[in-house]
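A short worksheet on the structure shown next.
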Amino acid sequence: MKNVTKLFSLLAMTFAVLFTACDPQESEPTQPTENGEATIGISAVMEAAFSQAITGGREDAESTITGTMTATNLDSGDEQVFDWYAVIDEDAFTVESTKTIVLVPGNYDFDLVLSDGTHSYAGQALLETVSEGENTIDLTLKPVFGDVDVDFTIQESANLKFSYPVEDISELDNPIIGISIDGGAEMVYALNPNTGFSDTWINVSFGSHTFVLTLSDGGTLVGRSIPSQETVNVQRNTNIAMDIVPLYGEVAFDLDLEGGELTFNFELPFAVADEVGGASNLQTVFRMTSTVNGNQEVNLNFVDQGDVIDATHTFTNFRYDIVNLALVFIDATTGDEVGYATYSGLALGNADQNITLEIDLRRRALITGNVLAVVGVNVFDQNNAAVPGADVFIDGEFVGITGSGTFGTAGYLKLYLKQGDYTVTAVNPVDGYFGEESLSVAPLDVTNIDIILDTEPMTLGMGLLNRDGFYGYQGSASTQFTGIVDSEFSTVDVVGDFEDLNQLLQYRALVLDLPSNGSFTLSASEMSNIQSYVASGGKVLVIGDQTYFQGWNESIAVLVGGTYVHQNTQGAISRVNVVPGLNANAATLSVAGATKITGGGTVLYGTGEVVLWGDKLLTQMDVDITRDGFIAQQQNAIYTQDVITWLNN
């Protein structure tokens, strides 16, 4: 027997079959004749191997498998059927046969069917010319699903083609395909990573059938067939193409008014409930972390709707915010956690929205997969008190919320990790304090780490876009403004752009200084991030200036939903509206080059030179108000102090 190759270092499977010339009526091996000898070697590639049925495992991947080889002489129409024997290894994708027969030269179709009583494979080579001497015939073995009979004719079966190239599964460590026919037990098999998704023989009666496909990475379900493609009409020599989409759920939500009702509508694939034996056995814990509204936790009751399950929950007295979501799926009969879904950085506004959730679902019936480490994460504050509702990240990816499980203390989260090195970060969304630890795990490790939230969050993020050292914070012409900022905020982080929403959410307030290049604009993603930041409760100051900065000013107008009006205002402007804590102490300002934005917001000074949009974003369309040489005029200094204090409260 050949040496068994490992699953992830596969060689093409081959087996040699010796054919030589003989009487075409013979169906048993004979010695080759001296004349007209045709020696045929069959080189076969095994597309895929059965792993097990979902209801029971396989004892040994390597077994003796028997069947028949049918050789049809296309010239004479004669058909010969030979008993066939092989040793097959369904883990290593190898098979070995030493069967020897003899044939006369000619044109042939070859059909090979092998079965061990549970799993069957078939291969076919058509229109092959067999000449005197040595011949090589390529043949691909494919799994056979349905009512398998070793004497079945391949041409009478449908061919199910998985229409995905090899690169579609290149990111999967252990790709496994599953198929259920007409509601029967699901059969699963490992995919040959050398050939990708295989073709599969479907040996069922002609007519309408239901085929359901699943895709797993080891023991984790990652995709399934599209329900609209699962009803197929099987006909003779029919190719059936089916697609697989990621396992995902959909969430629709709406927040009617500030301080109003927030309703979540969840729709998940039935596969989530099927893993625990139905929706009645599914316990789902829904966690939401919120800076503005506090952390929330509820149990969702999902109802079976056929291909999907759905649930609804409404929160009352909820305000706009940016939140993180986590769903934990639990088998209510055993207490096992079977999966989870997470979503980070969700901006809740007053418009109806929809999002999709990527679902990680573990298939407990599968015995194949990665050997993992289990890691217990405990999150504490500076006083060593457990922190519930802390967001946990692995290498920057949101993976869960402490206290989400059915067991453990409030600050606990259990993780399953593959072998490797990781950085585990925990953040308290209420006050922004965070901590992180490095972690290295090997298969079967049982590891515990403690994370202390002892790092103070950034208190002011200031994007100095194309800063030239003159305008704005730390500019040579803005020393008084810089001093006021430093007196209010212990930490100021000067950044070059606002492209990273997660970074912005660490800051207590944002300031966008005037850029040196007047045509510079905010990108669409920066605008979206700033709007999401405001929706989360953060305050923002944006500074513009006279018409030289037209591009920048128009960008600000798009950000706030107003209209930029070209002008170059000089002199004193009066207060129009008073916002407690913001501008109550300053009645007039001196401007040296102000323009304005109209079409919304609360005008605080002039005709749109200083406007508050909502209650969190302030546009100041003259940098000279806070610049040395002008800050002493009118009540500019009082205004500047009030604005920076407002940002910090």
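Ordering of the structure tokens sets the chain letters (A, B, ...); residue numbers start at 1 within each chain; ligands are numbered from 1 in the order shown.
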I need the strand (DSSP E) residues of stretch 435-610 of chain A per DSSP on the backbone, written as a PyMOL selection string. chain A and resi 435-441+446-452+461-463+493-495+509-512+539-543+563-574+588-598+602-605+610
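For the set A:Asp307, A:Asn428, A:Val392, A:Gly400, the residue with the smallest atom-to-atom gap to A:Thr342 is A:Gly400, counting only C-alpha atoms.
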List as an MDAnalysis selection string the protein and nucleic acid residues near stretch 212-223 of chain A, meaning an atom at most 6 Å away when only C-alpha atoms are counted, but skip any in the same chain fewer than 6 places from it. chainID A and resid 172 174:180 230 245:247 361:363 366 368:369
State, in Å with one decimal place, the distance from atom CA of A:Ser225 to atom CA of A:Asn324.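 Separation of atom CA of A:Ser225 and atom CA of A:Asn324: 28.9 Å.
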Proximity of stretch 455-554 of chain A to stretch 290-297 of chain A: per-residue shortest pair, 10 Å limit, only C-alpha atoms, as a tab-separated table:
```
residue	atom	partner	partner_atom	distance
A:Ala535	CA	A:Val292	CA	9.8
A:Ser536	CA	A:Val292	CA	7.1
A:Gly537	CA	A:Val292	CA	6.6
A:Gly538	CA	A:Val292	CA	9.7
```
Residues at most 8 Å from stretch 438-454 of chain A, counting only C-alpha atoms, excluding those fewer than 4 positions away in the same chain, as a ChimeraX atom specification? /A:371-382,384,417-428,433-434
Using N, CA, C and O atoms, can you export the residues from the last selection as a CSV table (one decimal), in the first residue's frame?
```csv
chain,number,residue,atom,x,y,z
A,371,VAL,N,-7.9,21.4,16.4
A,371,VAL,CA,-7.7,21.2,17.8
A,371,VAL,C,-7.4,22.6,18.4
A,371,VAL,O,-6.4,23.2,18.1
A,372,LEU,N,-8.3,23.0,19.3
A,372,LEU,CA,-8.3,24.4,19.8
A,372,LEU,C,-7.8,24.5,21.2
A,372,LEU,O,-7.7,23.5,21.9
A,373,ALA,N,-7.5,25.7,21.6
A,373,ALA,CA,-7.2,26.1,23.0
A,373,ALA,C,-8.5,26.8,23.5
A,373,ALA,O,-9.2,27.5,22.8
A,374,VAL,N,-8.7,26.6,24.8
A,374,VAL,CA,-9.8,27.4,25.5
A,374,VAL,C,-9.1,28.4,26.4
A,374,VAL,O,-8.2,28.1,27.1
A,375,VAL,N,-9.7,29.6,26.3
A,375,VAL,CA,-9.1,30.8,27.0
A,375,VAL,C,-10.2,31.4,27.8
A,375,VAL,O,-11.2,31.8,27.3
A,376,GLY,N,-10.0,31.5,29.1
A,376,GLY,CA,-10.9,32.2,30.0
A,376,GLY,C,-10.4,33.7,30.2
A,376,GLY,O,-9.3,33.9,30.7
A,377,VAL,N,-11.2,34.7,29.8
A,377,VAL,CA,-10.8,36.1,29.9
A,377,VAL,C,-11.6,36.7,31.1
A,377,VAL,O,-12.9,36.6,31.1
A,378,ASN,N,-10.9,37.2,32.1
A,378,ASN,CA,-11.6,38.0,33.2
A,378,ASN,C,-11.1,39.4,33.1
A,378,ASN,O,-9.9,39.7,33.1
A,379,VAL,N,-12.1,40.3,33.1
A,379,VAL,CA,-11.9,41.7,32.9
A,379,VAL,C,-12.2,42.4,34.3
A,379,VAL,O,-13.3,42.2,34.8
A,380,PHE,N,-11.3,43.2,34.8
A,380,PHE,CA,-11.4,43.9,36.0
A,380,PHE,C,-11.1,45.4,35.8
A,380,PHE,O,-10.4,45.8,34.9
A,381,ASP,N,-11.7,46.2,36.7
A,381,ASP,CA,-11.4,47.7,36.7
A,381,ASP,C,-10.2,47.9,37.6
A,381,ASP,O,-9.6,46.9,38.1
A,382,GLN,N,-9.8,49.2,37.8
A,382,GLN,CA,-8.6,49.5,38.6
A,382,GLN,C,-8.7,49.1,40.1
A,382,GLN,O,-7.7,48.9,40.8
A,384,ASN,N,-10.1,46.2,40.9
A,384,ASN,CA,-10.2,44.7,40.9
A,384,ASN,C,-11.6,44.2,41.0
A,384,ASN,O,-11.9,43.1,41.4
A,417,LEU,N,-9.7,29.4,20.6
A,417,LEU,CA,-8.7,29.9,19.7
A,417,LEU,C,-7.8,28.8,19.1
A,417,LEU,O,-7.5,27.9,19.7
A,418,LYS,N,-7.5,29.1,17.8
A,418,LYS,CA,-6.5,28.2,17.2
A,418,LYS,C,-5.1,28.5,17.7
A,418,LYS,O,-4.9,29.6,18.3
A,419,GLN,N,-4.2,27.6,17.4
A,419,GLN,CA,-2.8,27.9,17.8
A,419,GLN,C,-2.3,29.2,17.2
A,419,GLN,O,-2.5,29.5,16.0
A,420,GLY,N,-1.6,30.0,18.0
A,420,GLY,CA,-1.1,31.2,17.5
A,420,GLY,C,-0.8,32.2,18.6
A,420,GLY,O,-1.0,32.0,19.8
A,421,ASP,N,-0.4,33.4,18.2
A,421,ASP,CA,-0.1,34.5,19.1
A,421,ASP,C,-1.2,35.6,18.8
A,421,ASP,O,-1.5,35.9,17.7
A,422,TYR,N,-1.7,36.2,19.9
A,422,TYR,CA,-2.8,37.1,19.9
A,422,TYR,C,-2.6,38.3,20.8
A,422,TYR,O,-1.8,38.2,21.8
A,423,THR,N,-3.3,39.4,20.5
A,423,THR,CA,-3.4,40.5,21.4
A,423,THR,C,-4.9,40.6,21.8
A,423,THR,O,-5.7,40.8,20.9
A,424,VAL,N,-5.2,40.5,23.1
A,424,VAL,CA,-6.5,40.5,23.6
A,424,VAL,C,-6.8,41.9,24.3
A,424,VAL,O,-6.0,42.2,25.2
A,425,THR,N,-7.7,42.6,23.8
A,425,THR,CA,-8.0,44.0,24.3
A,425,THR,C,-9.4,44.0,24.8
A,425,THR,O,-10.4,43.4,24.2
A,426,ALA,N,-9.6,44.6,26.0
A,426,ALA,CA,-11.0,44.8,26.6
A,426,ALA,C,-11.2,46.3,26.8
A,426,ALA,O,-10.3,47.0,27.2
A,427,VAL,N,-12.4,46.8,26.5
A,427,VAL,CA,-12.7,48.2,26.6
A,427,VAL,C,-14.1,48.3,27.4
A,427,VAL,O,-15.0,47.6,27.0
A,428,ASN,N,-14.1,49.2,28.4
A,428,ASN,CA,-15.4,49.5,29.0
A,428,ASN,C,-16.0,50.6,28.3
A,428,ASN,O,-15.6,51.8,28.3
A,433,TYR,N,-12.2,53.3,29.5
A,433,TYR,CA,-10.9,52.7,30.0
A,433,TYR,C,-10.7,51.4,29.4
A,433,TYR,O,-11.7,50.6,29.1
A,434,PHE,N,-9.4,51.1,29.1
A,434,PHE,CA,-9.2,49.8,28.4
A,434,PHE,C,-7.9,49.2,28.9
A,434,PHE,O,-7.1,49.9,29.6
```
Would you list the contacts of A:Trp646 as number ranges by chain, taking every protein, DNA or RNA residue within 12 Å and counting only C-alpha atoms, but skipping same-chain residues closer than 6 positions in sequence? A: 485, 488-489, 508-510, 538-541, 579-584, 615-618, 639-640
For the residues selected in the previous step, produce a file with C-alpha atoms as an mmCIF file, in the first residue's frame.
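Contents of part07.cif, freshly written:
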```
data_model
loop_
_atom_site.group_PDB
_atom_site.id
_atom_site.type_symbol
_atom_site.label_atom_id
_atom_site.label_comp_id
_atom_site.auth_asym_id
_atom_site.auth_seq_id
_atom_site.Cartn_x
_atom_site.Cartn_y
_atom_site.Cartn_z
ATOM 1 C CA VAL A 485 -7.132 73.317 25.327
ATOM 2 C CA GLU A 488 -9.059 71.492 29.949
ATOM 3 C CA PHE A 489 -7.728 68.214 28.517
ATOM 4 C CA ARG A 508 -13.992 62.389 24.382
ATOM 5 C CA ALA A 509 -14.244 65.150 21.765
ATOM 6 C CA LEU A 510 -13.007 65.958 18.278
ATOM 7 C CA GLY A 538 -19.438 62.788 21.222
ATOM 8 C CA LYS A 539 -18.972 66.525 20.621
ATOM 9 C CA VAL A 540 -17.196 68.002 17.611
ATOM 10 C CA LEU A 541 -15.807 71.455 16.735
ATOM 11 C CA VAL A 579 -27.133 77.509 24.536
ATOM 12 C CA PRO A 580 -26.433 77.036 28.266
ATOM 13 C CA GLY A 581 -22.887 75.913 28.898
ATOM 14 C CA LEU A 582 -21.745 76.913 25.419
ATOM 15 C CA ASN A 583 -22.130 80.634 24.679
ATOM 16 C CA ALA A 584 -24.038 82.206 27.546
ATOM 17 C CA ASP A 615 -26.601 69.532 20.157
ATOM 18 C CA LYS A 616 -23.167 67.991 19.541
ATOM 19 C CA LEU A 617 -21.526 69.547 16.431
ATOM 20 C CA LEU A 618 -20.411 73.183 16.255
ATOM 21 C CA TYR A 639 -16.215 82.269 23.816
ATOM 22 C CA THR A 640 -13.101 80.122 23.245
#
```
